[in-house]
Structure formats: structure tokens, C-alpha cells
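Novice: To be precise about what I am sending: the file is called query10.pdb and holds PDB, C-alpha atoms, pLDDT in the B column.
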```
MODEL        1
ATOM      1  CA  MET W 660      21.357 -13.529  12.705  1.00 50.00           C
ATOM      2  CA  LYS W 661      20.252 -16.915  11.411  1.00 51.00           C
ATOM      3  CA  PRO W 662      20.520 -18.510   7.956  1.00 52.00           C
ATOM      4  CA  SER W 663      17.693 -20.563   6.488  1.00 57.00           C
ATOM      5  CA  HIS W 664      17.837 -23.040   3.608  1.00 60.00           C
ATOM      6  CA  ASP W 665      14.292 -24.392   3.536  1.00 68.00           C
ATOM      7  CA  LEU W 666      12.373 -21.645   1.718  1.00 80.00           C
ATOM      8  CA  ALA W 667      12.458 -20.824  -2.003  1.00 91.00           C
ATOM      9  CA  LEU W 668      15.572 -18.658  -1.529  1.00 95.00           C
ATOM     10  CA  PHE W 669      18.444 -19.037   0.903  1.00 95.00           C
ATOM     11  CA  HIS W 670      18.256 -16.101   3.281  1.00 96.00           C
ATOM     12  CA  LYS W 671      19.253 -14.662   6.617  1.00 95.00           C
ATOM     13  CA  PHE W 672      16.951 -13.093   9.109  1.00 93.00           C
ATOM     14  CA  LEU W 673      17.323 -10.794  12.072  1.00 95.00           C
ATOM     15  CA  ARG W 674      14.800 -10.777  14.846  1.00 94.00           C
ATOM     16  CA  PRO W 675      13.578  -7.390  16.113  1.00 93.00           C
ATOM     17  CA  ARG W 676      15.938  -5.817  18.612  1.00 91.00           C
ATOM     18  CA  ARG W 677      12.884  -4.483  20.450  1.00 89.00           C
ATOM     19  CA  THR W 678       9.696  -6.506  20.684  1.00 82.00           C
ATOM     20  CA  ALA W 679       6.130  -5.374  21.178  1.00 75.00           C
ATOM     21  CA  ALA W 680       2.702  -6.964  21.174  1.00 74.00           C
ATOM     22  CA  GLY W 681       1.412  -8.231  17.851  1.00 80.00           C
ATOM     23  CA  LYS W 682       3.227  -8.874  14.597  1.00 86.00           C
ATOM     24  CA  PRO W 683       6.394  -6.840  14.103  1.00 91.00           C
ATOM     25  CA  PRO W 684       6.897  -4.683  11.022  1.00 94.00           C
ATOM     26  CA  ALA W 685       9.223  -6.309   8.508  1.00 96.00           C
ATOM     27  CA  LEU W 686      11.894  -5.205   6.057  1.00 97.00           C
ATOM     28  CA  ILE W 687      12.989  -7.263   3.044  1.00 98.00           C
ATOM     29  CA  LEU W 688      16.489  -6.437   1.741  1.00 98.00           C
ATOM     30  CA  LEU W 689      17.228  -7.236  -1.912  1.00 98.00           C
ATOM     31  CA  HIS W 690      20.891  -7.008  -2.915  1.00 98.00           C
ATOM     32  CA  GLY W 691      22.362  -6.082  -6.275  1.00 97.00           C
ATOM     33  CA  ARG W 692      24.407  -7.982  -8.845  1.00 96.00           C
ATOM     34  CA  GLY W 693      27.634  -9.560  -7.634  1.00 96.00           C
ATOM     35  CA  ALA W 694      26.636  -9.403  -3.958  1.00 97.00           C
ATOM     36  CA  ASP W 695      24.817 -11.732  -1.576  1.00 97.00           C
ATOM     37  CA  GLU W 696      22.482 -11.819   1.412  1.00 97.00           C
ATOM     38  CA  GLU W 697      25.130 -10.216   3.648  1.00 96.00           C
ATOM     39  CA  ASP W 698      25.537  -7.104   1.513  1.00 96.00           C
ATOM     40  CA  LEU W 699      22.707  -4.925   2.826  1.00 96.00           C
ATOM     41  CA  LEU W 700      22.531  -6.484   6.281  1.00 95.00           C
ATOM     42  CA  GLY W 701      25.226  -4.071   7.394  1.00 92.00           C
ATOM     43  CA  LEU W 702      22.599  -1.335   7.215  1.00 93.00           C
ATOM     44  CA  SER W 703      20.264  -3.135   9.624  1.00 93.00           C
ATOM     45  CA  GLU W 704      21.598  -1.428  12.753  1.00 93.00           C
ATOM     46  CA  TYR W 705      20.468   1.936  11.397  1.00 95.00           C
ATOM     47  CA  PHE W 706      16.877   0.909  10.757  1.00 95.00           C
ATOM     48  CA  ASP W 707      14.110   0.911  13.350  1.00 93.00           C
ATOM     49  CA  ASP W 708      14.784  -1.636  16.096  1.00 93.00           C
ATOM     50  CA  ARG W 709      11.238  -3.036  15.875  1.00 93.00           C
ATOM     51  CA  LEU W 710      11.866  -4.477  12.409  1.00 96.00           C
ATOM     52  CA  LEU W 711      12.142  -8.148  11.583  1.00 96.00           C
ATOM     53  CA  ILE W 712      14.643  -8.161   8.699  1.00 97.00           C
ATOM     54  CA  LEU W 713      14.917 -10.760   5.939  1.00 97.00           C
ATOM     55  CA  SER W 714      17.706 -10.775   3.363  1.00 98.00           C
ATOM     56  CA  PRO W 715      17.397 -13.386   0.581  1.00 97.00           C
ATOM     57  CA  ARG W 716      20.193 -14.400  -1.785  1.00 98.00           C
ATOM     58  CA  ALA W 717      19.655 -14.123  -5.543  1.00 98.00           C
ATOM     59  CA  PRO W 718      19.444 -17.601  -7.094  1.00 97.00           C
ATOM     60  CA  PHE W 719      22.167 -17.445  -9.780  1.00 97.00           C
ATOM     61  CA  PRO W 720      25.957 -17.366  -9.239  1.00 96.00           C
ATOM     62  CA  PHE W 721      27.473 -14.265 -10.824  1.00 94.00           C
ATOM     63  CA  THR W 722      29.758 -15.668 -13.501  1.00 89.00           C
ATOM     64  CA  LEU W 723      31.731 -12.445 -14.031  1.00 86.00           C
ATOM     65  CA  GLY W 724      32.874 -12.187 -10.415  1.00 84.00           C
ATOM     66  CA  ALA W 725      31.995 -13.116  -6.866  1.00 88.00           C
ATOM     67  CA  GLY W 726      28.521 -13.220  -5.373  1.00 96.00           C
ATOM     68  CA  TYR W 727      25.146 -13.834  -6.973  1.00 98.00           C
ATOM     69  CA  THR W 728      22.794 -12.235  -9.452  1.00 97.00           C
ATOM     70  CA  TRP W 729      19.076 -12.133 -10.159  1.00 97.00           C
ATOM     71  CA  TYR W 730      19.682 -12.373 -13.900  1.00 96.00           C
ATOM     72  CA  ASP W 731      22.187 -11.657 -16.661  1.00 94.00           C
ATOM     73  CA  LEU W 732      21.975  -8.505 -18.750  1.00 89.00           C
ATOM     74  CA  GLU W 733      21.743  -8.227 -22.503  1.00 80.00           C
ATOM     75  CA  GLU W 734      22.120  -4.462 -22.006  1.00 81.00           C
ATOM     76  CA  ILE W 735      21.010  -1.888 -19.420  1.00 83.00           C
ATOM     77  CA  GLY W 736      17.242  -2.079 -19.158  1.00 82.00           C
ATOM     78  CA  LYS W 737      17.071  -5.430 -20.949  1.00 87.00           C
ATOM     79  CA  PRO W 738      17.385  -8.469 -18.639  1.00 92.00           C
ATOM     80  CA  ASP W 739      17.773 -12.031 -19.817  1.00 93.00           C
ATOM     81  CA  ARG W 740      14.081 -12.869 -19.729  1.00 94.00           C
ATOM     82  CA  ALA W 741      14.355 -16.537 -18.740  1.00 95.00           C
ATOM     83  CA  MET W 742      16.589 -15.741 -15.769  1.00 96.00           C
ATOM     84  CA  PHE W 743      14.493 -12.731 -14.798  1.00 95.00           C
ATOM     85  CA  HIS W 744      11.286 -14.749 -14.700  1.00 95.00           C
ATOM     86  CA  GLU W 745      12.967 -17.585 -12.788  1.00 96.00           C
ATOM     87  CA  SER W 746      14.180 -15.132 -10.144  1.00 97.00           C
ATOM     88  CA  TYR W 747      10.837 -13.358 -10.053  1.00 96.00           C
ATOM     89  CA  GLY W 748       9.013 -16.637  -9.429  1.00 96.00           C
ATOM     90  CA  ARG W 749      11.450 -17.718  -6.739  1.00 97.00           C
ATOM     91  CA  LEU W 750      11.248 -14.347  -5.006  1.00 97.00           C
ATOM     92  CA  ARG W 751       7.455 -14.271  -5.145  1.00 95.00           C
ATOM     93  CA  THR W 752       7.297 -17.772  -3.631  1.00 96.00           C
ATOM     94  CA  PHE W 753       9.873 -16.835  -0.994  1.00 96.00           C
ATOM     95  CA  LEU W 754       7.850 -13.795   0.077  1.00 95.00           C
ATOM     96  CA  ALA W 755       4.646 -15.820   0.344  1.00 93.00           C
ATOM     97  CA  GLU W 756       6.431 -18.524   2.342  1.00 94.00           C
ATOM     98  CA  ALA W 757       8.119 -15.951   4.574  1.00 94.00           C
ATOM     99  CA  ARG W 758       4.767 -14.368   5.366  1.00 91.00           C
ATOM    100  CA  GLU W 759       3.629 -17.677   6.819  1.00 92.00           C
ATOM    101  CA  ARG W 760       6.944 -18.697   8.404  1.00 93.00           C
ATOM    102  CA  TYR W 761       7.663 -15.419  10.157  1.00 93.00           C
ATOM    103  CA  GLY W 762       4.123 -14.119  10.615  1.00 90.00           C
ATOM    104  CA  LEU W 763       4.714 -10.999   8.538  1.00 90.00           C
ATOM    105  CA  ASP W 764       2.200  -8.203   8.836  1.00 89.00           C
ATOM    106  CA  PRO W 765       1.061  -7.493   5.228  1.00 84.00           C
ATOM    107  CA  GLY W 766       0.232  -3.917   6.199  1.00 90.00           C
ATOM    108  CA  ARG W 767       3.772  -3.260   7.471  1.00 93.00           C
ATOM    109  CA  THR W 768       6.129  -5.208   5.215  1.00 95.00           C
ATOM    110  CA  PHE W 769       8.561  -2.962   3.383  1.00 97.00           C
ATOM    111  CA  CYS W 770      11.229  -3.680   0.807  1.00 97.00           C
ATOM    112  CA  CYS W 771      14.579  -1.984   0.360  1.00 98.00           C
ATOM    113  CA  GLY W 772      16.300  -2.895  -2.902  1.00 98.00           C
ATOM    114  CA  PHE W 773      19.575  -1.719  -4.340  1.00 98.00           C
ATOM    115  CA  SER W 774      20.356  -1.744  -8.072  1.00 97.00           C
ATOM    116  CA  MET W 775      19.161  -5.094  -9.459  1.00 97.00           C
ATOM    117  CA  GLY W 776      17.458  -5.727  -6.126  1.00 98.00           C
ATOM    118  CA  SER W 777      15.336  -2.610  -6.565  1.00 97.00           C
ATOM    119  CA  ILE W 778      14.378  -3.796 -10.059  1.00 97.00           C
ATOM    120  CA  MET W 779      13.113  -7.049  -8.549  1.00 97.00           C
ATOM    121  CA  ALA W 780      11.258  -5.054  -5.880  1.00 97.00           C
ATOM    122  CA  PHE W 781       9.500  -3.015  -8.563  1.00 97.00           C
ATOM    123  CA  ALA W 782       8.553  -6.231 -10.393  1.00 96.00           C
ATOM    124  CA  ILE W 783       6.923  -7.711  -7.285  1.00 96.00           C
ATOM    125  CA  ALA W 784       5.215  -4.475  -6.251  1.00 95.00           C
ATOM    126  CA  LEU W 785       3.676  -4.077  -9.721  1.00 95.00           C
ATOM    127  CA  THR W 786       2.332  -7.622  -9.915  1.00 94.00           C
ATOM    128  CA  GLU W 787       1.776  -8.841  -6.333  1.00 91.00           C
ATOM    129  CA  ALA W 788       0.808  -5.635  -4.589  1.00 84.00           C
ATOM    130  CA  ASP W 789      -0.129  -7.264  -1.270  1.00 87.00           C
ATOM    131  CA  LEU W 790       3.386  -8.601  -0.626  1.00 90.00           C
ATOM    132  CA  PHE W 791       4.858  -5.143   0.086  1.00 91.00           C
ATOM    133  CA  SER W 792       3.202  -2.224   1.828  1.00 92.00           C
ATOM    134  CA  GLY W 793       5.936   0.119   0.592  1.00 95.00           C
ATOM    135  CA  VAL W 794       9.090   0.045  -1.520  1.00 97.00           C
ATOM    136  CA  MET W 795      12.442   1.806  -1.212  1.00 98.00           C
ATOM    137  CA  ALA W 796      14.274   1.524  -4.527  1.00 98.00           C
ATOM    138  CA  SER W 797      17.835   2.768  -4.807  1.00 98.00           C
ATOM    139  CA  SER W 798      19.713   2.991  -8.118  1.00 97.00           C
ATOM    140  CA  GLY W 799      17.278   0.916 -10.158  1.00 96.00           C
ATOM    141  CA  TYR W 800      14.413   1.097 -12.630  1.00 96.00           C
ATOM    142  CA  VAL W 801      11.015  -0.365 -13.505  1.00 96.00           C
ATOM    143  CA  PRO W 802      11.685  -3.511 -15.611  1.00 95.00           C
ATOM    144  CA  GLU W 803       9.538  -2.708 -18.623  1.00 93.00           C
ATOM    145  CA  ASP W 804      11.374  -4.895 -21.161  1.00 88.00           C
ATOM    146  CA  THR W 805      10.606  -8.264 -19.575  1.00 91.00           C
ATOM    147  CA  GLY W 806       7.246  -9.305 -21.019  1.00 88.00           C
ATOM    148  CA  MET W 807       5.576  -8.913 -17.608  1.00 90.00           C
ATOM    149  CA  GLU W 808       2.030  -7.629 -17.328  1.00 90.00           C
ATOM    150  CA  PHE W 809       1.990  -5.046 -14.584  1.00 93.00           C
ATOM    151  CA  ARG W 810      -1.189  -4.452 -12.580  1.00 91.00           C
ATOM    152  CA  TRP W 811      -0.950  -0.679 -12.529  1.00 92.00           C
ATOM    153  CA  GLU W 812      -4.340  -0.293 -10.859  1.00 91.00           C
ATOM    154  CA  TRP W 813      -2.858  -1.899  -7.744  1.00 88.00           C
ATOM    155  CA  VAL W 814      -0.249   0.801  -7.162  1.00 91.00           C
ATOM    156  CA  LYS W 815      -2.725   3.612  -6.601  1.00 93.00           C
ATOM    157  CA  GLY W 816      -2.000   5.001  -3.155  1.00 94.00           C
ATOM    158  CA  LYS W 817       1.008   2.711  -2.573  1.00 94.00           C
ATOM    159  CA  PRO W 818       4.107   4.514  -1.237  1.00 96.00           C
ATOM    160  CA  PHE W 819       7.438   4.361  -3.066  1.00 98.00           C
ATOM    161  CA  PHE W 820      10.760   5.978  -2.174  1.00 98.00           C
ATOM    162  CA  ILE W 821      13.099   6.272  -5.159  1.00 98.00           C
ATOM    163  CA  ALA W 822      16.747   7.242  -4.653  1.00 98.00           C
ATOM    164  CA  HIS W 823      19.348   7.661  -7.392  1.00 98.00           C
ATOM    165  CA  GLY W 824      22.764   9.194  -7.815  1.00 97.00           C
ATOM    166  CA  ILE W 825      22.993  11.819 -10.538  1.00 97.00           C
ATOM    167  CA  TYR W 826      26.488  10.534 -11.397  1.00 97.00           C
ATOM    168  CA  ASP W 827      25.506   6.858 -11.527  1.00 97.00           C
ATOM    169  CA  PRO W 828      27.751   5.201 -14.179  1.00 96.00           C
ATOM    170  CA  VAL W 829      25.939   1.837 -14.027  1.00 96.00           C
ATOM    171  CA  ILE W 830      22.230   2.700 -14.273  1.00 96.00           C
ATOM    172  CA  PRO W 831      21.784   6.249 -15.585  1.00 95.00           C
ATOM    173  CA  TYR W 832      19.816   8.708 -13.498  1.00 95.00           C
ATOM    174  CA  ALA W 833      17.191   9.060 -16.258  1.00 95.00           C
ATOM    175  CA  TYR W 834      15.891   5.592 -15.377  1.00 95.00           C
ATOM    176  CA  SER W 835      14.762   6.789 -11.948  1.00 95.00           C
ATOM    177  CA  ARG W 836      12.938   9.725 -13.537  1.00 95.00           C
ATOM    178  CA  ARG W 837      11.147   7.240 -15.788  1.00 96.00           C
ATOM    179  CA  ALA W 838      10.144   5.143 -12.760  1.00 97.00           C
ATOM    180  CA  LYS W 839       8.805   8.236 -10.998  1.00 97.00           C
ATOM    181  CA  GLU W 840       6.736   9.264 -14.013  1.00 97.00           C
ATOM    182  CA  LEU W 841       5.313   5.767 -14.538  1.00 96.00           C
ATOM    183  CA  LEU W 842       4.312   5.323 -10.910  1.00 97.00           C
ATOM    184  CA  GLU W 843       2.860   8.796 -10.469  1.00 97.00           C
ATOM    185  CA  SER W 844       0.829   8.482 -13.666  1.00 96.00           C
ATOM    186  CA  HIS W 845      -0.960   5.528 -12.056  1.00 95.00           C
ATOM    187  CA  GLY W 846      -1.583   7.170  -8.692  1.00 96.00           C
ATOM    188  CA  ALA W 847       1.306   5.867  -6.596  1.00 96.00           C
ATOM    189  CA  LEU W 848       2.620   8.048  -3.760  1.00 97.00           C
ATOM    190  CA  VAL W 849       6.181   8.672  -4.918  1.00 98.00           C
ATOM    191  CA  THR W 850       8.985  10.344  -3.018  1.00 98.00           C
ATOM    192  CA  HIS W 851      11.862  10.868  -5.444  1.00 98.00           C
ATOM    193  CA  ARG W 852      15.297  12.001  -4.315  1.00 97.00           C
ATOM    194  CA  GLU W 853      18.506  12.623  -6.247  1.00 97.00           C
ATOM    195  CA  TYR W 854      21.964  12.674  -4.687  1.00 98.00           C
ATOM    196  CA  ASP W 855      25.478  13.805  -5.554  1.00 97.00           C
ATOM    197  CA  MET W 856      26.750  10.239  -5.728  1.00 97.00           C
ATOM    198  CA  GLY W 857      27.354   7.353  -8.095  1.00 97.00           C
ATOM    199  CA  HIS W 858      25.952   3.815  -7.947  1.00 97.00           C
ATOM    200  CA  GLN W 859      25.619   3.450  -4.198  1.00 96.00           C
ATOM    201  CA  ILE W 860      23.668   4.063  -1.021  1.00 97.00           C
ATOM    202  CA  ASN W 861      25.306   6.888   0.889  1.00 96.00           C
ATOM    203  CA  GLU W 862      24.644   8.230   4.363  1.00 96.00           C
ATOM    204  CA  GLU W 863      22.261  10.916   3.134  1.00 97.00           C
ATOM    205  CA  SER W 864      20.126   8.570   1.059  1.00 97.00           C
ATOM    206  CA  LEU W 865      20.034   5.995   3.872  1.00 97.00           C
ATOM    207  CA  ASN W 866      18.883   8.623   6.380  1.00 97.00           C
ATOM    208  CA  ASP W 867      16.184   9.762   3.956  1.00 98.00           C
ATOM    209  CA  MET W 868      14.933   6.192   3.521  1.00 97.00           C
ATOM    210  CA  ILE W 869      14.792   5.681   7.277  1.00 96.00           C
ATOM    211  CA  ALA W 870      12.918   8.959   7.770  1.00 96.00           C
ATOM    212  CA  TRP W 871      10.477   7.990   5.009  1.00 97.00           C
ATOM    213  CA  MET W 872       9.753   4.554   6.447  1.00 95.00           C
ATOM    214  CA  SER W 873       9.655   5.304  10.190  1.00 93.00           C
ATOM    215  CA  PRO W 874       6.220   6.973  10.377  1.00 93.00           C
ATOM    216  CA  ARG W 875       4.747   4.155   8.276  1.00 93.00           C
ATOM    217  CA  LEU W 876       5.701   1.458  10.795  1.00 90.00           C
ATOM    218  CA  ASP W 877       2.955   2.247  13.270  1.00 83.00           C
ATOM    219  CA  PRO W 878      -0.314   0.340  12.802  1.00 68.00           C
TER     220      PRO W 878
ENDMDL
END
```
Represent the supplied structure as C-alpha cells.
Specialist:
Amino acid sequence: MKPSHDLALFHKFLRPRRTAAGKPPALILLHGRGADEEDLLGLSEYFDDRLLILSPRAPFPFTLGAGYTWYDLEEIGKPDRAMFHESYGRLRTFLAEARERYGLDPGRTFCCGFSMGSIMAFAIALTEADLFSGVMASSGYVPEDTGMEFRWEWVKGKPFFIAHGIYDPVIPYAYSRRAKELLESHGALVTHREYDMGHQINEESLNDMIAWMSPRLDP
């Protein structure tokens, strides 16, 4: 595991545990509020061993606790727009830089976001469709109240895995239903799963994400 300071976002990366000819498939991990680049890396051992894994750190210190955040909240579903757009721009630049630095295969670059990280993943996927070939969004929502212009025509045929706990006390389950309806209405290929859990990734949801992504890793 190596840290890197010289792209748009500080991040850590893990080389594939098993190498093969050609560009490896890649997985981008986007953490939630009050966490950092280490938070989701603990899941890396469970994912396919061919993956090159990148985990960037959100750009803003979280002032209400430890860790970092992508933006502050006015209320659930309503990000601070200035911070949101700053993070969006930094993340978009980071992903473009990482494609060149690490030789990412645009046809096999997936994103796994949790909570606020999944919101950022939706934002990128709906505006810069070529940066992700598929998205796994856990406990998040599509950021509609941000002033962004989504390119809905780009999501037709793009695969999304949406996971949410029905007892989530942080981001209500209804937000994931809204994301499913929005994406499906524009032709995205949506797999939507609900779980008997709160605001978290549990063993069942992780296994479902892995099973969803695995067949999509082959060229």
C-alpha cells in the first residue's frame, strides 16, 4: 500500500495481488463523512485479486469530529454547494490524472462509494460517464439539489448496484428508491438491494457487491 501526494487528491493505492497481461481492472473507493482514505481499504482483501485499488481522501477536514468530508450539509439531501462543487472538481481531476498515472482501463474501472462517497460517485457517473464503467453505491443518493446538470443520456446501459439499509438513521431508505427510479427511467441497468441494517456495509451487502462486479471484470 502506497500513499501519493502529487495528484489532485491525496490517496493510497494497492497494486493487484495477481497480475495478468494488459491493463488491470480498477476499483475506486470513496469514503463517507468523518472518515479517510483508510476507511474502505479494509475491504480490499475481499475483492477480486486482479484489481488495482485507489482510495482518495476527501479534501475538507471534518470540523465536527475526526477525519475528512466531501462537503458540509445544510440538511439531508442538501449539500453546501460551494464545497460540493469544489470536491466534485477535485475528484474529477483526480480520476483523470489517475487514469494516466496508473494506466486505468476505462472499460473496467469501477467505483464503490459509501454514504457521502456514493453521492460523489453518482455525481461523477452522471456527468463524466467515461470515468467509471460501473458504480456500487451504498447508503447514499443522487445529489439533485446541487445545481449540477446531469447528462442522463449517458447512463443508458451503464450498470449500477445500489445498496441501502432499511433502518438507516442517517440517510433514509427512501433516497435509494429515488435513485433507482431516476436511473431506471433513463435506461441505466440498476441492481437494487435492501438489507436489514442501518447506515453501514455489512457482510451480506459486501458479498452482493462482489458478486455483482466479478463477472464485469473480464474484458
Novice: Could you write out as a list in words the residues that the PyMOL selection byres ((chain W and resi 740-755) around 9) matches in the shown file?
Specialist: Leu666, Ala667, Leu668, Ile687, Pro715, Ala717, Pro718, Phe719, Trp729, Tyr730, Asp731, Lys737, Pro738, Asp739, Glu756, Ala757, Arg758, Glu759, Arg760, Met779, Ala782, Ile783, Glu787, Leu790, Asp804, Thr805, Gly806 and Met807 of chain W
Novice: Taking all atoms listed in the file into account, name the residue in W:Pro720, W:Ser774, W:Leu673, W:Leu711 that is nearest to Leu689 (chain W).
Specialist: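 Once distances to Leu689 (chain W) are computed over all atoms listed in the file, the minimum belongs to W:Ser774.
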Novice: Considering all atoms listed in the file, can you say which of W:Ala784, W:Leu686, W:Ala679, W:Leu702 comes closest to Tyr761 (chain W)?
Specialist: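 Distance minimum relative to Tyr761 (chain W) lands on W:Leu686.
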Novice: Between CA of Val794 (chain W) and CA of Thr722 (chain W), measure the distance and give it in Å to one decimal.
Specialist: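 According to the coordinates, CA of Val794 (chain W) and CA of Thr722 (chain W) are separated by 28.6 Å.
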Novice: Please report the interatomic distance between CA of Arg674 (chain W) and CA of Lys817 (chain W) in Å with one decimal.
Specialist: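 For CA of Arg674 (chain W) relative to CA of Lys817 (chain W), the distance reads 26.0 Å.
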Novice: Starting from the shown file, work through the PyMOL selection byres ((chain W and resi 714) around 6) and note down what comes out as a PDB file with C-alpha atoms, in the coordinates of the input.
Specialist:
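Output file selection_27.pdb is given in full below:
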```pdb
ATOM      1  CA  HIS W 670      18.256 -16.101   3.281  1.00 96.00           C
ATOM      2  CA  LYS W 671      19.253 -14.662   6.617  1.00 95.00           C
ATOM      3  CA  ILE W 687      12.989  -7.263   3.044  1.00 98.00           C
ATOM      4  CA  LEU W 688      16.489  -6.437   1.741  1.00 98.00           C
ATOM      5  CA  GLU W 696      22.482 -11.819   1.412  1.00 97.00           C
ATOM      6  CA  LEU W 713      14.917 -10.760   5.939  1.00 97.00           C
ATOM      7  CA  PRO W 715      17.397 -13.386   0.581  1.00 97.00           C
TER       8      PRO W 715
END
```
Novice: Starting from the shown file, work through the PyMOL selection byres ((chain W and resi 694) around 10) and note down what comes out as a PyMOL selection string.
Specialist: chain W and resi 689-693+695-699+716-717+720-721+724-728
Novice: What is the CA of Glu843 (chain W) to CA of Asp827 (chain W) distance in Å?
Specialist: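 Answer for the CA of Glu843 (chain W) to CA of Asp827 (chain W) separation: 22.8 Å.
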Novice: Counting all atoms listed in the file, I want the residues whose atoms come within 9 Å of (2.0, 5.7, -7.9) in the file frame, returned as an NGL selection string.
Specialist: :W and (811 or 814-819 or 839-849)
Novice: My list of candidates is W:Ala685, W:Ala796, W:Ile712, W:Val829. Which is closest to Leu763 (chain W) when distances are computed with all atoms listed in the file?
Specialist: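 Nearest to Leu763 (chain W): W:Ala685.
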Novice: Any idea what's packed within 9 Å of Leu876 (chain W), counting all atoms listed in the file, ignoring anything in its chain fewer than 6 positions away? Could you give it as a PyMOL selection string?
Specialist: chain W and resi 683-685+707+709-710+766-768
Novice: Between W:Ser797, W:Pro874, W:Ala788, W:Ser835, which one has atoms that come closest to Asn861 (chain W), using all atoms listed in the file?
Specialist: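 Between W:Ser797, W:Pro874, W:Ala788, W:Ser835, the residue approaching Asn861 (chain W) most closely is W:Ser797.
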Novice: Taking (14.5, 8.5, 0.7) in the file's own coordinates, collect the residues within 10 Å, counting only C-alpha atoms, and hand them back as a list in words.
Specialist: Met795, Ala796, Ser797, Phe819, Phe820, Ile821, Ala822, His823, Thr850, His851, Arg852, Glu853, Glu863, Ser864, Leu865, Asn866, Asp867, Met868, Ile869, Ala870, Trp871 and Met872 of chain W
Novice: Output C-alpha atoms of each residue in that selection to a file, as a PDB file, in the coordinates of the input.
Specialist:
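Below is the file that was written, part_17.pdb:
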```pdb
ATOM      1  CA  MET W 795      12.442   1.806  -1.212  1.00 98.00           C
ATOM      2  CA  ALA W 796      14.274   1.524  -4.527  1.00 98.00           C
ATOM      3  CA  SER W 797      17.835   2.768  -4.807  1.00 98.00           C
ATOM      4  CA  PHE W 819       7.438   4.361  -3.066  1.00 98.00           C
ATOM      5  CA  PHE W 820      10.760   5.978  -2.174  1.00 98.00           C
ATOM      6  CA  ILE W 821      13.099   6.272  -5.159  1.00 98.00           C
ATOM      7  CA  ALA W 822      16.747   7.242  -4.653  1.00 98.00           C
ATOM      8  CA  HIS W 823      19.348   7.661  -7.392  1.00 98.00           C
ATOM      9  CA  THR W 850       8.985  10.344  -3.018  1.00 98.00           C
ATOM     10  CA  HIS W 851      11.862  10.868  -5.444  1.00 98.00           C
ATOM     11  CA  ARG W 852      15.297  12.001  -4.315  1.00 97.00           C
ATOM     12  CA  GLU W 853      18.506  12.623  -6.247  1.00 97.00           C
ATOM     13  CA  GLU W 863      22.261  10.916   3.134  1.00 97.00           C
ATOM     14  CA  SER W 864      20.126   8.570   1.059  1.00 97.00           C
ATOM     15  CA  LEU W 865      20.034   5.995   3.872  1.00 97.00           C
ATOM     16  CA  ASN W 866      18.883   8.623   6.380  1.00 97.00           C
ATOM     17  CA  ASP W 867      16.184   9.762   3.956  1.00 98.00           C
ATOM     18  CA  MET W 868      14.933   6.192   3.521  1.00 97.00           C
ATOM     19  CA  ILE W 869      14.792   5.681   7.277  1.00 96.00           C
ATOM     20  CA  ALA W 870      12.918   8.959   7.770  1.00 96.00           C
ATOM     21  CA  TRP W 871      10.477   7.990   5.009  1.00 97.00           C
ATOM     22  CA  MET W 872       9.753   4.554   6.447  1.00 95.00           C
TER      23      MET W 872
END
```
Novice: Return the single residue from W:Glu704, W:Glu803, W:Asp789, W:Asp764 that is closest to Ile735 (chain W), with distances computed using all atoms listed in the file.
Specialist: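 When distances to Ile735 (chain W) are compared using all atoms listed in the file, the smallest one comes from W:Glu803.
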Novice: Select, from W:Ala838, W:Ile830, W:Leu785, W:Met775, the residue with the minimum atom-to-atom distance to Val801 (chain W), counting only C-alpha atoms.
Specialist: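 Once distances to Val801 (chain W) are computed over only C-alpha atoms, the minimum belongs to W:Ala838.
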Novice: Residues near Gly857 (chain W), anyone? I mean within 7 Å using all atoms listed in the file, not counting same-chain ones fewer than 5 positions away, as a list in words.
Specialist: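 So, after excluding close chain neighbours, the residues are Gly824, Ile825, Tyr826, Asp827 and Pro828 of chain W.
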